[in-house]
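Have a look at input00.csv; it's CSV, C-alpha atoms and all ligand atoms:
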chain,number,residue,atom,x,y,z
M,1,MET,CA,-1.9,11.1,-11.1
M,2,LEU,CA,-5.4,9.9,-10.3
M,3,ASN,CA,-7.4,11.9,-7.8
M,4,ASP,CA,-10.2,10.6,-5.6
M,5,ARG,CA,-12.7,10.8,-8.5
M,6,GLY,CA,-10.4,8.9,-10.8
M,7,PHE,CA,-10.2,6.1,-8.2
M,8,ASP,CA,-14.0,6.2,-7.8
M,9,LEU,CA,-14.3,5.5,-11.5
M,10,TRP,CA,-11.7,2.7,-11.4
M,11,ALA,CA,-13.2,1.0,-8.3
M,12,ASP,CA,-15.7,-1.3,-10.0
M,13,ASP,CA,-13.3,-3.0,-12.3
M,14,TYR,CA,-10.1,-2.5,-10.2
M,15,ASP,CA,-9.7,-6.1,-9.1
M,16,GLN,CA,-10.1,-7.5,-12.6
M,17,SER,CA,-7.8,-5.0,-14.4
M,18,VAL,CA,-5.1,-5.4,-11.7
M,19,GLY,CA,-5.4,-9.2,-11.8
M,20,LEU,CA,-5.0,-9.3,-15.6
M,21,CYS,CA,-2.0,-7.0,-15.6
M,22,ASP,CA,-0.4,-9.2,-12.9
M,23,GLU,CA,-1.1,-12.4,-14.9
M,24,GLU,CA,0.5,-10.9,-18.0
M,25,GLY,CA,3.6,-10.1,-15.9
M,26,ALA,CA,3.3,-6.5,-17.0
M,27,TYR,CA,4.3,-3.3,-15.3
M,28,PRO,CA,2.9,-1.9,-13.1
M,29,PHE,CA,1.2,-4.8,-11.4
M,30,ALA,CA,3.6,-7.7,-12.2
M,31,GLY,CA,4.0,-9.4,-8.8
M,32,TYR,CA,0.9,-7.8,-7.3
M,33,ARG,CA,-0.5,-11.0,-5.9
M,34,ALA,CA,2.9,-12.3,-4.8
M,35,VAL,CA,3.5,-9.1,-2.8
M,36,LEU,CA,0.0,-9.1,-1.2
M,37,GLY,CA,0.3,-12.8,-0.5
M,38,GLU,CA,3.6,-12.4,1.3
M,39,ILE,CA,2.3,-9.5,3.4
M,40,TYR,CA,-0.8,-11.6,4.3
M,41,ARG,CA,1.4,-14.5,5.3
M,42,ARG,CA,3.8,-12.4,7.4
M,43,VAL,CA,1.0,-10.5,9.2
M,44,LEU,CA,-0.7,-13.7,10.2
M,45,GLN,CA,2.6,-15.4,11.1
M,46,ALA,CA,3.4,-12.5,13.4
M,47,GLY,CA,0.1,-13.1,15.2
M,48,ALA,CA,-1.2,-9.6,14.3
M,49,ARG,CA,-4.7,-8.8,15.6
M,50,SER,CA,-5.2,-5.1,14.6
M,51,VAL,CA,-4.3,-4.0,11.1
M,52,LEU,CA,-4.3,-0.5,9.6
M,53,ASP,CA,-4.5,-0.4,5.8
M,54,ILE,CA,-3.4,2.9,4.2
M,55,GLY,CA,-5.1,3.2,0.8
M,56,PHE,CA,-7.0,0.0,1.1
M,57,GLY,CA,-8.8,0.3,-2.3
M,58,THR,CA,-11.4,-2.5,-2.8
M,59,GLY,CA,-9.9,-4.2,0.3
M,60,VAL,CA,-8.2,-7.1,-1.6
M,61,LEU,CA,-5.6,-7.7,1.2
M,62,ALA,CA,-7.5,-6.2,4.2
M,63,ALA,CA,-10.6,-8.4,3.5
M,64,ARG,CA,-8.4,-11.6,3.6
M,65,LEU,CA,-7.0,-10.5,7.0
M,66,TYR,CA,-10.5,-9.6,8.2
M,67,GLU,CA,-11.7,-13.0,7.3
M,68,ARG,CA,-8.9,-14.5,9.4
M,69,GLY,CA,-10.2,-12.5,12.4
M,70,CYS,CA,-8.1,-9.4,12.3
M,71,GLU,CA,-9.6,-6.1,13.4
M,72,VAL,CA,-9.3,-3.9,10.4
M,73,PHE,CA,-8.9,-0.1,10.2
M,74,GLY,CA,-8.2,2.0,7.2
M,75,GLN,CA,-8.0,5.2,5.3
M,76,ASP,CA,-8.7,5.9,1.6
M,77,PHE,CA,-9.8,9.1,-0.2
M,78,SER,CA,-12.1,7.4,-2.7
M,79,GLN,CA,-15.8,7.2,-1.7
M,80,ARG,CA,-16.4,4.3,-4.0
M,81,MET,CA,-13.4,2.3,-2.7
M,82,VAL,CA,-14.6,2.9,0.8
M,83,GLU,CA,-18.1,1.5,-0.2
M,84,ARG,CA,-16.7,-1.5,-1.9
M,85,ALA,CA,-14.3,-2.3,0.9
M,86,GLN,CA,-16.9,-1.7,3.6
M,87,ALA,CA,-19.3,-4.2,1.9
M,88,LYS,CA,-16.6,-6.9,2.2
M,89,MET,CA,-15.7,-5.9,5.8
M,90,PRO,CA,-18.9,-4.7,7.6
M,91,GLN,CA,-17.2,-4.4,11.0
M,92,ALA,CA,-14.0,-2.7,9.7
M,93,ARG,CA,-13.4,1.0,10.7
M,94,LEU,CA,-12.8,2.6,7.4
M,95,TYR,CA,-12.3,6.4,7.1
M,96,LYS,CA,-12.4,8.6,4.0
M,97,GLY,CA,-9.5,11.0,3.9
M,98,ASP,CA,-6.4,12.1,2.0
M,99,PHE,CA,-3.2,10.6,3.5
M,100,ALA,CA,-1.2,13.4,1.8
M,101,GLN,CA,-2.7,15.5,4.6
M,102,GLY,CA,-1.8,12.8,7.2
M,103,LEU,CA,-3.8,10.2,9.0
M,104,ALA,CA,-7.4,10.7,10.0
M,105,GLU,CA,-7.7,11.8,13.7
M,106,ALA,CA,-9.9,8.8,14.5
M,107,LEU,CA,-7.0,6.4,13.5
M,108,LYS,CA,-4.3,8.1,15.6
M,109,GLY,CA,-5.4,7.2,19.1
M,110,ARG,CA,-4.6,3.5,19.0
M,111,ARG,CA,-1.8,1.0,18.3
M,112,TYR,CA,-1.7,-1.4,15.4
M,113,ASP,CA,0.1,-4.8,15.2
M,114,ALA,CA,0.5,-4.3,11.4
M,115,ILE,CA,0.3,-1.2,9.2
M,116,ILE,CA,0.0,-2.2,5.5
M,117,ALA,CA,0.1,0.0,2.4
M,118,THR,CA,-0.1,-1.7,-1.0
M,119,TYR,CA,0.2,0.3,-4.2
M,120,SER,CA,-0.9,3.5,-2.6
M,121,LEU,CA,2.1,5.4,-1.2
M,122,HIS,CA,3.6,6.1,-4.7
M,123,HIS,CA,1.2,9.0,-4.7
M,124,LEU,CA,3.4,10.8,-2.2
M,125,THR,CA,6.7,12.6,-2.9
M,126,ASP,CA,9.7,10.9,-1.4
M,127,THR,CA,10.0,13.5,1.3
M,128,ARG,CA,6.4,13.0,2.3
M,129,LYS,CA,6.8,9.2,2.2
M,130,VAL,CA,9.6,9.5,4.8
M,131,THR,CA,7.7,11.9,7.0
M,132,PHE,CA,4.5,9.9,6.7
M,133,LEU,CA,6.2,6.6,7.5
M,134,ARG,CA,7.9,8.3,10.5
M,135,GLU,CA,4.4,9.5,11.6
M,136,LEU,CA,3.1,5.9,11.5
M,137,LEU,CA,6.0,4.3,13.5
M,138,PRO,CA,4.7,5.5,16.9
M,139,LEU,CA,1.3,3.9,16.1
M,140,LEU,CA,2.8,0.4,16.0
M,141,SER,CA,2.4,-1.9,19.0
M,142,GLU,CA,5.5,-3.2,20.6
M,143,ARG,CA,6.3,-5.9,18.0
M,144,GLY,CA,4.4,-4.2,15.2
M,145,ARG,CA,5.6,-3.7,11.7
M,146,ILE,CA,4.9,-1.6,8.7
M,147,TYR,CA,4.6,-3.5,5.4
M,148,VAL,CA,4.7,-1.5,2.1
M,149,GLY,CA,4.1,-3.4,-1.2
M,150,ASP,CA,4.4,-1.3,-4.3
M,151,VAL,CA,6.2,-0.7,-7.5
M,152,ALA,CA,9.7,-0.4,-6.0
M,153,PHE,CA,13.3,-0.9,-6.9
M,154,GLU,CA,16.6,-1.2,-5.0
M,155,THR,CA,18.4,1.3,-7.1
M,156,ARG,CA,17.6,4.2,-9.5
M,157,ALA,CA,19.3,2.2,-12.3
M,158,GLN,CA,16.8,-0.6,-11.9
M,159,LEU,CA,13.9,1.8,-12.0
M,160,GLU,CA,15.3,3.3,-15.2
M,161,ALA,CA,15.6,-0.2,-16.7
M,162,CYS,CA,11.9,-0.8,-15.9
M,163,ARG,CA,11.0,2.6,-17.4
M,164,ALA,CA,12.8,1.7,-20.6
M,165,GLN,CA,11.0,-1.6,-20.8
M,166,ALA,CA,7.6,-0.1,-20.1
M,167,GLY,CA,8.0,2.6,-22.8
M,168,ASP,CA,4.8,4.5,-23.3
M,169,GLY,CA,3.1,2.5,-20.6
M,170,TRP,CA,5.3,4.2,-17.9
M,171,ASP,CA,3.3,6.4,-15.5
M,172,ALA,CA,5.6,9.4,-15.0
M,173,ASP,CA,3.2,10.9,-12.4
M,174,GLU,CA,3.8,8.1,-9.9
M,175,ILE,CA,6.7,8.4,-7.6
M,176,TYR,CA,8.1,4.9,-7.0
M,177,PHE,CA,10.1,3.7,-4.1
M,178,VAL,CA,13.9,3.5,-4.6
M,179,PHE,CA,15.3,1.7,-1.6
M,180,ASP,CA,18.8,3.1,-1.8
M,181,GLU,CA,17.5,6.6,-1.8
M,182,LEU,CA,15.1,6.2,1.2
M,183,ARG,CA,17.3,4.0,3.5
M,184,PRO,CA,19.5,6.9,4.7
M,185,PHE,CA,16.3,8.6,6.1
M,186,LEU,CA,14.8,5.3,7.4
M,187,PRO,CA,17.8,3.2,8.6
M,188,ARG,CA,15.6,0.3,9.7
M,189,LEU,CA,13.9,0.0,6.3
M,190,THR,CA,14.3,-3.4,4.6
M,191,PHE,CA,13.7,-4.3,0.9
M,192,GLU,CA,13.0,-7.4,-1.1
M,193,GLN,CA,12.4,-7.3,-4.9
M,194,MET,CA,9.4,-9.5,-5.7
M,195,SER,CA,9.2,-9.1,-9.5
M,196,ASP,CA,10.7,-6.9,-12.2
M,197,CYS,CA,8.8,-4.0,-10.7
M,198,ALA,CA,7.3,-5.0,-7.4
M,199,GLY,CA,9.0,-4.7,-4.1
M,200,LEU,CA,8.2,-5.3,-0.4
M,201,LEU,CA,9.5,-2.8,2.1
M,202,THR,CA,9.2,-3.3,5.9
M,203,LEU,CA,9.9,-1.0,8.8
M,204,ALA,CA,9.7,-1.4,12.6
M,205,ASN,CA,10.7,0.7,15.6
F,301,LIG,C1,-3.8,1.3,-6.8
F,301,LIG,S1,-5.0,1.4,-5.5
F,301,LIG,C2,-4.4,0.1,-4.3
F,301,LIG,C3,-5.5,-0.4,-3.5
F,301,LIG,C4,-5.1,-1.6,-2.6
F,301,LIG,N1,-4.2,-1.2,-1.5
F,301,LIG,C5,-4.5,-2.7,-3.4
F,301,LIG,O1,-3.3,-3.1,-3.1
F,301,LIG,O2,-5.2,-3.3,-4.3
F,301,LIG,C6,-4.5,2.9,-4.6
F,301,LIG,C7,-5.5,3.2,-3.5
F,301,LIG,O3,-5.0,4.3,-2.8
F,301,LIG,C8,-6.0,5.3,-2.7
F,301,LIG,N2,-5.3,6.6,-2.6
F,301,LIG,C9,-4.4,7.1,-3.5
F,301,LIG,N3,-4.0,8.3,-3.1
F,301,LIG,C10,-4.6,8.6,-1.9
F,301,LIG,C11,-4.5,9.6,-1.0
F,301,LIG,N4,-3.7,10.7,-1.2
F,301,LIG,N5,-5.2,9.5,0.2
F,301,LIG,C12,-6.0,8.5,0.4
F,301,LIG,N6,-6.1,7.4,-0.4
F,301,LIG,C13,-5.4,7.5,-1.6
F,301,LIG,C14,-6.9,5.2,-3.9
F,301,LIG,O4,-8.2,5.7,-3.7
F,301,LIG,C15,-6.9,3.7,-4.1
F,301,LIG,O5,-7.9,3.1,-3.4
Would you give me this structure, written as structure tokens?
Amino acid sequence: MLNDRGFDLWADDYDQSVGLCDEEGAYPFAGYRAVLGEIYRRVLQAGARSVLDIGFGTGVLAARLYERGCEVFGQDFSQRMVERAQAKMPQARLYKGDFAQGLAEALKGRRYDAIIATYSLHHLTDTRKVTFLRELLPLLSERGRIYVGDVAFETRAQLEACRAQAGDGWDADEIYFVFDELRPFLPRLTFEQMSDCAGLLTLAN
């Protein structure tokens, strides 16, 4: 599992390497642009004005929403990712912090129309995913929604099939979403498979 320094080192060629992997239709980023594009479309369609991005990275998605006039907030533990994202979104309120320890205090005192997390929450255990998502729900505005785009599967069998296909390329340190196993703890969670390995999960109050 990459730590904050690992992401610092990846930051400068992140966009290119992820884009290439997606173009090749290869695990883990096959469907990356489709998932981010779908979240972008839904956030704007819902008329969201304030957006919180958890693990925003270089700001691929958040910067597109920022350009469309959304007020962007975010948390990421990589200093280099924060720098790159801040350069794209000068007015965004971006905080450095480990979400495994919870949300930065400065981000807790407001409501968000959309909370987005793409390819970031697989760094949490399933138990922590559930508690973290539950912690985020009260921060949604009345019609707000959480959108998670990530390597994700409906069933454990589908995850295992992807693991077999990926062979040595499989990252056993990452803990991918399995919808069937999380839904009992988050009954309002919904899931859509977007590629062989990408999924879109949504949650609302
Ligand atoms: C694979 S990148 C995804 C970036 C972006 N959301 C995207 O879709 O391109 C994962 C991001 O999550 C951040 N991250 C991973 N674990 C984290 C943690 N425990 N706390 C805060 N940020 C974390 C990394 O620094 C990195 O920027």
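Using only C-alpha atoms, the smallest distance between any of M:Asp98, M:Glu154, M:Asp76, M:Glu135 and Ala117 (chain M) comes from M:Asp76.
Neighbouring residues of region 109-113 of chain M at 6 Å or closer, counting only C-alpha atoms and skipping chain neighbours under 2 positions away, are M:Ala48, M:Ser50, M:Val51, M:Leu107, M:Leu139, M:Leu140, M:Ser141, M:Gly144.
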Legend entry - Exercise: Arg49 (chain M) partners within 10 Å, only C-alpha atoms, chain neighbours under 5 positions left out, as a list in words: Val43, Leu44, Leu65, Tyr66, Arg68, Gly69, Cys70, Glu71, Val72, Tyr112, Asp113 and Ala114 of chain M
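Using all atoms listed in the file, the residues found no farther than 9 Å from Thr202 (chain M), other than those of its own chain fewer than 5 positions away, are Arg145, Ile146, Tyr147, Val148, Gly149, Arg188, Leu189, Thr190, Phe191 and Glu192 of chain M.
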When the cut-off is 9 Å and you count all atoms listed in the file, which residues lie near ligand LIG 301 (chain F), shown as a PDB file with C-alpha atoms, in the frame of the given file?
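Output file selection17.pdb follows:
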ATOM      1  CA  MET M   1      -1.900  11.100 -11.100  1.00  0.00           C
ATOM      2  CA  LEU M   2      -5.400   9.900 -10.300  1.00  0.00           C
ATOM      3  CA  ASN M   3      -7.400  11.900  -7.800  1.00  0.00           C
ATOM      4  CA  ASP M   4     -10.200  10.600  -5.600  1.00  0.00           C
ATOM      5  CA  ARG M   5     -12.700  10.800  -8.500  1.00  0.00           C
ATOM      6  CA  GLY M   6     -10.400   8.900 -10.800  1.00  0.00           C
ATOM      7  CA  PHE M   7     -10.200   6.100  -8.200  1.00  0.00           C
ATOM      8  CA  ASP M   8     -14.000   6.200  -7.800  1.00  0.00           C
ATOM      9  CA  TRP M  10     -11.700   2.700 -11.400  1.00  0.00           C
ATOM     10  CA  ALA M  11     -13.200   1.000  -8.300  1.00  0.00           C
ATOM     11  CA  TYR M  14     -10.100  -2.500 -10.200  1.00  0.00           C
ATOM     12  CA  ASP M  15      -9.700  -6.100  -9.100  1.00  0.00           C
ATOM     13  CA  VAL M  18      -5.100  -5.400 -11.700  1.00  0.00           C
ATOM     14  CA  TYR M  32       0.900  -7.800  -7.300  1.00  0.00           C
ATOM     15  CA  ARG M  33      -0.500 -11.000  -5.900  1.00  0.00           C
ATOM     16  CA  LEU M  36       0.000  -9.100  -1.200  1.00  0.00           C
ATOM     17  CA  ASP M  53      -4.500  -0.400   5.800  1.00  0.00           C
ATOM     18  CA  ILE M  54      -3.400   2.900   4.200  1.00  0.00           C
ATOM     19  CA  GLY M  55      -5.100   3.200   0.800  1.00  0.00           C
ATOM     20  CA  PHE M  56      -7.000   0.000   1.100  1.00  0.00           C
ATOM     21  CA  GLY M  57      -8.800   0.300  -2.300  1.00  0.00           C
ATOM     22  CA  THR M  58     -11.400  -2.500  -2.800  1.00  0.00           C
ATOM     23  CA  GLY M  59      -9.900  -4.200   0.300  1.00  0.00           C
ATOM     24  CA  VAL M  60      -8.200  -7.100  -1.600  1.00  0.00           C
ATOM     25  CA  LEU M  61      -5.600  -7.700   1.200  1.00  0.00           C
ATOM     26  CA  ALA M  62      -7.500  -6.200   4.200  1.00  0.00           C
ATOM     27  CA  GLN M  75      -8.000   5.200   5.300  1.00  0.00           C
ATOM     28  CA  ASP M  76      -8.700   5.900   1.600  1.00  0.00           C
ATOM     29  CA  PHE M  77      -9.800   9.100  -0.200  1.00  0.00           C
ATOM     30  CA  SER M  78     -12.100   7.400  -2.700  1.00  0.00           C
ATOM     31  CA  GLN M  79     -15.800   7.200  -1.700  1.00  0.00           C
ATOM     32  CA  ARG M  80     -16.400   4.300  -4.000  1.00  0.00           C
ATOM     33  CA  MET M  81     -13.400   2.300  -2.700  1.00  0.00           C
ATOM     34  CA  VAL M  82     -14.600   2.900   0.800  1.00  0.00           C
ATOM     35  CA  LYS M  96     -12.400   8.600   4.000  1.00  0.00           C
ATOM     36  CA  GLY M  97      -9.500  11.000   3.900  1.00  0.00           C
ATOM     37  CA  ASP M  98      -6.400  12.100   2.000  1.00  0.00           C
ATOM     38  CA  PHE M  99      -3.200  10.600   3.500  1.00  0.00           C
ATOM     39  CA  ALA M 100      -1.200  13.400   1.800  1.00  0.00           C
ATOM     40  CA  GLN M 101      -2.700  15.500   4.600  1.00  0.00           C
ATOM     41  CA  GLY M 102      -1.800  12.800   7.200  1.00  0.00           C
ATOM     42  CA  LEU M 103      -3.800  10.200   9.000  1.00  0.00           C
ATOM     43  CA  ILE M 116       0.000  -2.200   5.500  1.00  0.00           C
ATOM     44  CA  ALA M 117       0.100   0.000   2.400  1.00  0.00           C
ATOM     45  CA  THR M 118      -0.100  -1.700  -1.000  1.00  0.00           C
ATOM     46  CA  TYR M 119       0.200   0.300  -4.200  1.00  0.00           C
ATOM     47  CA  SER M 120      -0.900   3.500  -2.600  1.00  0.00           C
ATOM     48  CA  LEU M 121       2.100   5.400  -1.200  1.00  0.00           C
ATOM     49  CA  HIS M 122       3.600   6.100  -4.700  1.00  0.00           C
ATOM     50  CA  HIS M 123       1.200   9.000  -4.700  1.00  0.00           C
ATOM     51  CA  LEU M 124       3.400  10.800  -2.200  1.00  0.00           C
ATOM     52  CA  GLY M 149       4.100  -3.400  -1.200  1.00  0.00           C
ATOM     53  CA  ASP M 150       4.400  -1.300  -4.300  1.00  0.00           C
TER      54      ASP M 150
END
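When all atoms listed in the file are used to measure the gap to Gly31 (chain M), the shortest distance among M:Ala85, M:Val151, M:Leu186, M:Ala164 belongs to M:Val151.
Distances from M:Arg143, M:Ala63, M:Glu24, M:Val35 to Gly47 (chain M) were compared using all atoms listed in the file, and the smallest one belongs to M:Arg143.
Picture a line from CA of Arg41 (chain M) to CA of Tyr176 (chain M); it runs 23.9 Å.
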Inset, instruction - Figure out the distance between CA of Phe29 (chain M) and CA of Phe153 (chain M), please, to one decimal in Å. - result: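 Between these atoms lies a distance of 13.5 Å.
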Inset, instruction - Enter the distance from CA of Ala198 (chain M) to CA of Phe177 (chain M), in Å, rounded to one decimal. - result: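 Between CA of Ala198 (chain M) and CA of Phe177 (chain M) the gap is 9.7 Å.
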Legend entry - Proximity to Leu136 (chain M) - best of M:Leu203, M:Cys197, M:Ala30, M:Leu20, all atoms listed in the file: M:Leu203
Inset, instruction - Would you please work out which residue, of M:Asp126, M:Leu200, M:Arg163, M:Ser195, is nearest to Glu181 (chain M) when using only C-alpha atoms? - result: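 Smallest separation from Glu181 (chain M) among the options: M:Asp126.
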